[in-house]
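Listing of target_11.cif, mmCIF, C-alpha atoms
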```
data_structure
loop_
_atom_site.group_PDB
_atom_site.id
_atom_site.type_symbol
_atom_site.label_atom_id
_atom_site.label_comp_id
_atom_site.auth_asym_id
_atom_site.auth_seq_id
_atom_site.Cartn_x
_atom_site.Cartn_y
_atom_site.Cartn_z
ATOM 1 C CA MET A 1 -9.023 11.629 9.316
ATOM 2 C CA ILE A 2 -8.766 7.856 9.191
ATOM 3 C CA ASP A 3 -5.459 6.388 10.417
ATOM 4 C CA TYR A 4 -4.877 4.035 7.479
ATOM 5 C CA GLU A 5 -1.382 3.194 8.685
ATOM 6 C CA THR A 6 -2.577 1.827 12.030
ATOM 7 C CA ILE A 7 -5.391 -0.140 10.409
ATOM 8 C CA ALA A 8 -3.045 -1.669 7.818
ATOM 9 C CA ARG A 9 -0.439 -2.585 10.460
ATOM 10 C CA SER A 10 -3.136 -4.150 12.644
ATOM 11 C CA ASN A 11 -4.466 -6.128 9.677
ATOM 12 C CA HIS A 12 -0.970 -7.435 8.999
ATOM 13 C CA ARG A 13 -0.347 -8.383 12.624
ATOM 14 C CA SER A 14 -3.671 -10.247 12.665
ATOM 15 C CA GLY A 15 -2.518 -12.521 9.838
ATOM 16 C CA MET A 16 -3.474 -10.801 6.585
ATOM 17 C CA ASN A 17 -0.780 -10.815 3.930
ATOM 18 C CA CYS A 18 0.870 -7.530 3.010
ATOM 19 C CA ALA A 19 -1.295 -6.771 -0.026
ATOM 20 C CA MET A 20 -4.572 -7.611 1.684
ATOM 21 C CA SER A 21 -3.584 -5.603 4.773
ATOM 22 C CA VAL A 22 -3.110 -2.422 2.749
ATOM 23 C CA TYR A 23 -5.985 -3.021 0.334
ATOM 24 C CA ASP A 24 -8.446 -3.649 3.153
ATOM 25 C CA ALA A 25 -7.330 -0.584 5.115
ATOM 26 C CA LEU A 26 -7.442 1.741 2.110
ATOM 27 C CA GLY A 27 -10.616 0.218 0.715
ATOM 28 C CA MET A 28 -13.005 1.308 3.442
ATOM 29 C CA ASN A 29 -14.336 4.142 1.253
ATOM 30 C CA ASN A 30 -13.407 2.713 -2.139
ATOM 31 C CA GLN A 31 -16.586 2.239 -4.157
ATOM 32 C CA ASN A 32 -14.505 0.704 -6.987
ATOM 33 C CA LYS A 33 -12.908 -1.982 -4.801
ATOM 34 C CA THR A 34 -12.309 -5.271 -6.602
ATOM 35 C CA THR A 35 -9.907 -8.060 -5.660
ATOM 36 C CA PRO A 36 -6.630 -7.342 -3.853
ATOM 37 C CA PRO A 37 -3.440 -7.977 -5.804
ATOM 38 C CA ARG A 38 -1.233 -10.953 -5.053
ATOM 39 C CA PRO A 39 2.046 -10.243 -3.264
ATOM 40 C CA ARG A 40 5.094 -10.388 -5.546
ATOM 41 C CA ASP A 41 3.012 -10.068 -8.732
ATOM 42 C CA ASN A 42 4.184 -7.749 -11.463
ATOM 43 C CA GLY A 43 7.840 -8.725 -11.460
ATOM 44 C CA GLY A 44 8.169 -9.370 -7.750
ATOM 45 C CA MET A 45 6.742 -6.084 -6.484
ATOM 46 C CA CYS A 46 6.037 -5.736 -2.768
ATOM 47 C CA GLY A 47 2.395 -6.577 -2.040
ATOM 48 C CA ALA A 48 1.938 -3.405 -0.003
ATOM 49 C CA VAL A 49 3.102 -1.349 -2.992
ATOM 50 C CA LEU A 50 0.849 -3.263 -5.384
ATOM 51 C CA ALA A 51 -2.193 -2.776 -3.132
ATOM 52 C CA ALA A 52 -1.498 0.937 -2.718
ATOM 53 C CA GLU A 53 -1.096 1.414 -6.454
ATOM 54 C CA GLN A 54 -4.231 -0.563 -7.266
ATOM 55 C CA THR A 55 -6.205 1.548 -4.800
ATOM 56 C CA ILE A 56 -4.820 4.745 -6.325
ATOM 57 C CA ARG A 57 -5.944 3.578 -9.778
ATOM 58 C CA GLU A 58 -9.367 2.481 -8.543
ATOM 59 C CA MET A 59 -9.879 5.885 -6.943
ATOM 60 C CA GLY A 60 -9.180 7.637 -10.233
ATOM 61 C CA GLY A 61 -5.524 8.370 -9.656
ATOM 62 C CA THR A 62 -3.205 9.072 -12.558
ATOM 63 C CA ASP A 63 0.147 7.692 -13.660
ATOM 64 C CA GLU A 64 1.626 10.787 -12.019
ATOM 65 C CA ASP A 65 -0.030 9.795 -8.736
ATOM 66 C CA ILE A 66 1.500 6.309 -9.017
ATOM 67 C CA ALA A 67 4.908 7.838 -9.710
ATOM 68 C CA GLU A 68 4.519 10.141 -6.696
ATOM 69 C CA PHE A 69 3.585 7.204 -4.459
ATOM 70 C CA GLU A 70 6.613 5.229 -5.683
ATOM 71 C CA ARG A 71 8.917 8.216 -5.156
ATOM 72 C CA ARG A 72 7.719 8.652 -1.578
ATOM 73 C CA PHE A 73 7.954 4.928 -0.800
ATOM 74 C CA LYS A 74 11.463 4.755 -2.243
ATOM 75 C CA GLU A 75 12.505 7.767 -0.145
ATOM 76 C CA ASN A 76 11.924 5.522 2.852
ATOM 77 C CA TYR A 77 13.096 2.132 1.589
ATOM 78 C CA LYS A 78 14.991 2.638 -1.715
ATOM 79 C CA HIS A 79 13.215 -0.339 -3.355
ATOM 80 C CA LEU A 80 9.774 -1.509 -4.535
ATOM 81 C CA LYS A 81 10.390 -5.235 -5.038
ATOM 82 C CA CYS A 82 9.710 -7.691 -2.254
ATOM 83 C CA GLY A 83 12.986 -9.582 -2.538
ATOM 84 C CA GLU A 84 15.037 -6.402 -2.458
ATOM 85 C CA LEU A 85 13.114 -4.992 0.501
ATOM 86 C CA ARG A 86 13.235 -8.174 2.520
ATOM 87 C CA GLY A 87 16.801 -9.003 1.549
ATOM 88 C CA PHE A 88 18.347 -5.642 2.305
ATOM 89 C CA LEU A 89 16.203 -4.492 5.194
ATOM 90 C CA SER A 90 15.650 -7.702 7.147
ATOM 91 C CA GLY A 91 12.009 -8.194 6.148
ATOM 92 C CA LYS A 92 10.263 -5.397 8.015
ATOM 93 C CA CYS A 93 6.999 -6.124 6.206
ATOM 94 C CA ASN A 94 4.784 -4.471 8.799
ATOM 95 C CA ASP A 95 6.721 -1.246 8.238
ATOM 96 C CA TYR A 96 6.215 -1.482 4.466
ATOM 97 C CA VAL A 97 2.497 -2.105 4.988
ATOM 98 C CA GLY A 98 2.135 0.858 7.324
ATOM 99 C CA THR A 99 4.174 3.209 5.158
ATOM 100 C CA ALA A 100 2.291 2.317 1.965
ATOM 101 C CA ALA A 101 -1.076 2.949 3.634
ATOM 102 C CA PHE A 102 0.171 6.173 5.235
ATOM 103 C CA ILE A 103 1.470 7.580 1.945
ATOM 104 C CA VAL A 104 -1.778 6.914 0.086
ATOM 105 C CA GLY A 105 -3.757 8.398 2.962
ATOM 106 C CA MET A 106 -1.648 11.569 2.805
ATOM 107 C CA MET A 107 -1.950 11.936 -0.970
ATOM 108 C CA GLY A 108 -5.569 13.123 -0.772
ATOM 109 C CA ILE A 109 -6.872 10.485 -3.175
ATOM 110 C CA LEU A 110 -9.198 8.743 -0.733
ATOM 111 C CA PRO A 111 -12.490 10.395 0.139
ATOM 112 C CA ASP A 112 -13.203 11.416 3.725
ATOM 113 C CA PRO A 113 -15.839 9.204 5.371
ATOM 114 C CA GLU A 114 -19.263 10.697 5.625
#
```
Encoded form using structure tokens:
Amino acid sequence: MIDYETIARSNHRSGMNCAMSVYDALGMNNQNKTTPPRPRDNGGMCGAVLAAEQTIREMGGTDEDIAEFERRFKENYKHLKCGELRGFLSGKCNDYVGTAAFIVGMMGILPDPE
């Protein structure tokens, strides 16, 4: 199994923004990959969340899958918006990136590499 969390965290540490870090890590086997979302789009949402949700949709995920991702992410951090996450939790963006990638990887939406 691919360690999406480690790849996403490494991407972020190497200078990629939060959305690109997650989208790149999760997109290795995504045949429907397009353009990564912009951080804080969609009402100020965290870029890691936006990238995870876009990947879920591109991989054929449902609204229920998106809701499940958000539920799991909020179990860890209580919020989905960048300003709330960074304001309340001291800006641990690398943690948000890693958690978002980990959750999607665990959801069984991404195909195993061949």
Could you tell me which residues the PyMOL selection byres ((chain A and resi 94) around 8) grabs in this file, written as a ChimeraX atom specification? /A:9,12-13,18,92-93,95-98
For the file shown, what are the residues hit by the PyMOL selection byres ((chain A and resi 51) around 9), laid out as number ranges by chain? A: 18-24, 26, 36-39, 46-50, 52-56, 100-101
Any chance you could export the current selection's C-alpha atoms as an mmCIF file, in the coordinates of the input?
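Saved the output as selection.cif:
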```cif
data_model
loop_
_atom_site.group_PDB
_atom_site.id
_atom_site.type_symbol
_atom_site.label_atom_id
_atom_site.label_comp_id
_atom_site.auth_asym_id
_atom_site.auth_seq_id
_atom_site.Cartn_x
_atom_site.Cartn_y
_atom_site.Cartn_z
ATOM 1 C CA CYS A 18 0.870 -7.530 3.010
ATOM 2 C CA ALA A 19 -1.295 -6.771 -0.026
ATOM 3 C CA MET A 20 -4.572 -7.611 1.684
ATOM 4 C CA SER A 21 -3.584 -5.603 4.773
ATOM 5 C CA VAL A 22 -3.110 -2.422 2.749
ATOM 6 C CA TYR A 23 -5.985 -3.021 0.334
ATOM 7 C CA ASP A 24 -8.446 -3.649 3.153
ATOM 8 C CA LEU A 26 -7.442 1.741 2.110
ATOM 9 C CA PRO A 36 -6.630 -7.342 -3.853
ATOM 10 C CA PRO A 37 -3.440 -7.977 -5.804
ATOM 11 C CA ARG A 38 -1.233 -10.953 -5.053
ATOM 12 C CA PRO A 39 2.046 -10.243 -3.264
ATOM 13 C CA CYS A 46 6.037 -5.736 -2.768
ATOM 14 C CA GLY A 47 2.395 -6.577 -2.040
ATOM 15 C CA ALA A 48 1.938 -3.405 -0.003
ATOM 16 C CA VAL A 49 3.102 -1.349 -2.992
ATOM 17 C CA LEU A 50 0.849 -3.263 -5.384
ATOM 18 C CA ALA A 52 -1.498 0.937 -2.718
ATOM 19 C CA GLU A 53 -1.096 1.414 -6.454
ATOM 20 C CA GLN A 54 -4.231 -0.563 -7.266
ATOM 21 C CA THR A 55 -6.205 1.548 -4.800
ATOM 22 C CA ILE A 56 -4.820 4.745 -6.325
ATOM 23 C CA ALA A 100 2.291 2.317 1.965
ATOM 24 C CA ALA A 101 -1.076 2.949 3.634
#
```
Separation of atom CA of A:Gly43 and atom CA of A:His79, in Å?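 Atom CA of A:His79 lies 12.8 Å from atom CA of A:Gly43.
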Applied to the shown file, which residues does the PyMOL selection byres ((chain A and resi 28) around 12) return, written as a PyMOL selection string? chain A and resi 2-4+7-8+21-27+29-33+55+59+105+110-114
Grab the atom CA of A:Asp65 to atom CA of A:Gly87 distance for me, in Å with one decimal place.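 These atoms are spaced 27.2 Å apart.
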Counting only C-alpha atoms, the residue among A:Thr99, A:Lys81, A:Glu5, A:Met16 that lies closest to A:Phe69 is A:Thr99
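Minimum distance to A:Val104 across A:Leu85, A:Gly44, A:Arg72, A:Asp63 (counting all atoms listed in the file) occurs at A:Arg72.
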Between atom CA of A:Arg71 and atom CA of A:Ile103, what is the spacing in Å?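 Answer for the atom CA of A:Ile103 to atom CA of A:Arg71 separation: 10.3 Å.
Distances here use only C-alpha atoms; by that measure, the residue among A:Thr6, A:Ile66, A:Thr35, A:Glu58 closest to A:Met107 is A:Ile66.
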Provide stretch 65-85 of chain A rebuilt to N, CA and C atoms, formatted as a PDB file, in the frame of the given file.
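Result written to rebuild14.pdb:
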```
ATOM      1  N   ASP A  65       0.218  10.154 -10.136  1.00  0.00           N
ATOM      2  CA  ASP A  65      -0.030   9.795  -8.736  1.00  0.00           C
ATOM      3  C   ASP A  65       0.731   8.529  -8.358  1.00  0.00           C
ATOM      4  N   ILE A  66       0.752   7.553  -9.263  1.00  0.00           N
ATOM      5  CA  ILE A  66       1.500   6.309  -9.017  1.00  0.00           C
ATOM      6  C   ILE A  66       2.985   6.635  -8.870  1.00  0.00           C
ATOM      7  N   ALA A  67       3.493   7.458  -9.768  1.00  0.00           N
ATOM      8  CA  ALA A  67       4.908   7.838  -9.710  1.00  0.00           C
ATOM      9  C   ALA A  67       5.222   8.573  -8.408  1.00  0.00           C
ATOM     10  N   GLU A  68       4.316   9.423  -7.963  1.00  0.00           N
ATOM     11  CA  GLU A  68       4.519  10.141  -6.696  1.00  0.00           C
ATOM     12  C   GLU A  68       4.529   9.168  -5.517  1.00  0.00           C
ATOM     13  N   PHE A  69       3.597   8.215  -5.523  1.00  0.00           N
ATOM     14  CA  PHE A  69       3.585   7.204  -4.459  1.00  0.00           C
ATOM     15  C   PHE A  69       4.919   6.463  -4.440  1.00  0.00           C
ATOM     16  N   GLU A  70       5.366   5.990  -5.619  1.00  0.00           N
ATOM     17  CA  GLU A  70       6.613   5.229  -5.683  1.00  0.00           C
ATOM     18  C   GLU A  70       7.800   6.072  -5.214  1.00  0.00           C
ATOM     19  N   ARG A  71       7.835   7.328  -5.588  1.00  0.00           N
ATOM     20  CA  ARG A  71       8.917   8.216  -5.156  1.00  0.00           C
ATOM     21  C   ARG A  71       8.950   8.315  -3.630  1.00  0.00           C
ATOM     22  N   ARG A  72       7.788   8.519  -3.038  1.00  0.00           N
ATOM     23  CA  ARG A  72       7.719   8.652  -1.578  1.00  0.00           C
ATOM     24  C   ARG A  72       8.106   7.351  -0.881  1.00  0.00           C
ATOM     25  N   PHE A  73       7.627   6.221  -1.402  1.00  0.00           N
ATOM     26  CA  PHE A  73       7.954   4.928  -0.800  1.00  0.00           C
ATOM     27  C   PHE A  73       9.464   4.680  -0.893  1.00  0.00           C
ATOM     28  N   LYS A  74      10.030   4.969  -2.055  1.00  0.00           N
ATOM     29  CA  LYS A  74      11.463   4.755  -2.243  1.00  0.00           C
ATOM     30  C   LYS A  74      12.313   5.717  -1.419  1.00  0.00           C
ATOM     31  N   GLU A  75      11.782   6.870  -1.062  1.00  0.00           N
ATOM     32  CA  GLU A  75      12.505   7.767  -0.145  1.00  0.00           C
ATOM     33  C   GLU A  75      12.757   7.075   1.187  1.00  0.00           C
ATOM     34  N   ASN A  76      11.806   6.239   1.581  1.00  0.00           N
ATOM     35  CA  ASN A  76      11.924   5.522   2.852  1.00  0.00           C
ATOM     36  C   ASN A  76      12.748   4.246   2.739  1.00  0.00           C
ATOM     37  N   TYR A  77      12.542   3.490   1.644  1.00  0.00           N
ATOM     38  CA  TYR A  77      13.096   2.132   1.589  1.00  0.00           C
ATOM     39  C   TYR A  77      13.978   1.831   0.382  1.00  0.00           C
ATOM     40  N   LYS A  78      14.102   2.765  -0.547  1.00  0.00           N
ATOM     41  CA  LYS A  78      14.991   2.638  -1.715  1.00  0.00           C
ATOM     42  C   LYS A  78      14.537   1.623  -2.762  1.00  0.00           C
ATOM     43  N   HIS A  79      13.617   0.726  -2.441  1.00  0.00           N
ATOM     44  CA  HIS A  79      13.215  -0.339  -3.355  1.00  0.00           C
ATOM     45  C   HIS A  79      11.693  -0.507  -3.366  1.00  0.00           C
ATOM     46  N   LEU A  80      11.198  -1.193  -4.421  1.00  0.00           N
ATOM     47  CA  LEU A  80       9.774  -1.509  -4.535  1.00  0.00           C
ATOM     48  C   LEU A  80       9.518  -3.013  -4.604  1.00  0.00           C
ATOM     49  N   LYS A  81      10.552  -3.788  -4.896  1.00  0.00           N
ATOM     50  CA  LYS A  81      10.390  -5.235  -5.038  1.00  0.00           C
ATOM     51  C   LYS A  81      10.559  -5.941  -3.698  1.00  0.00           C
ATOM     52  N   CYS A  82       9.732  -6.941  -3.512  1.00  0.00           N
ATOM     53  CA  CYS A  82       9.710  -7.691  -2.254  1.00  0.00           C
ATOM     54  C   CYS A  82      11.090  -8.258  -1.898  1.00  0.00           C
ATOM     55  N   GLY A  83      11.708  -8.950  -2.824  1.00  0.00           N
ATOM     56  CA  GLY A  83      12.986  -9.582  -2.538  1.00  0.00           C
ATOM     57  C   GLY A  83      14.060  -8.588  -2.146  1.00  0.00           C
ATOM     58  N   GLU A  84      14.052  -7.425  -2.788  1.00  0.00           N
ATOM     59  CA  GLU A  84      15.037  -6.402  -2.458  1.00  0.00           C
ATOM     60  C   GLU A  84      14.753  -5.805  -1.085  1.00  0.00           C
ATOM     61  N   LEU A  85      13.485  -5.544  -0.805  1.00  0.00           N
ATOM     62  CA  LEU A  85      13.114  -4.992   0.501  1.00  0.00           C
ATOM     63  C   LEU A  85      13.431  -5.972   1.622  1.00  0.00           C
TER      64      LEU A  85
END
```
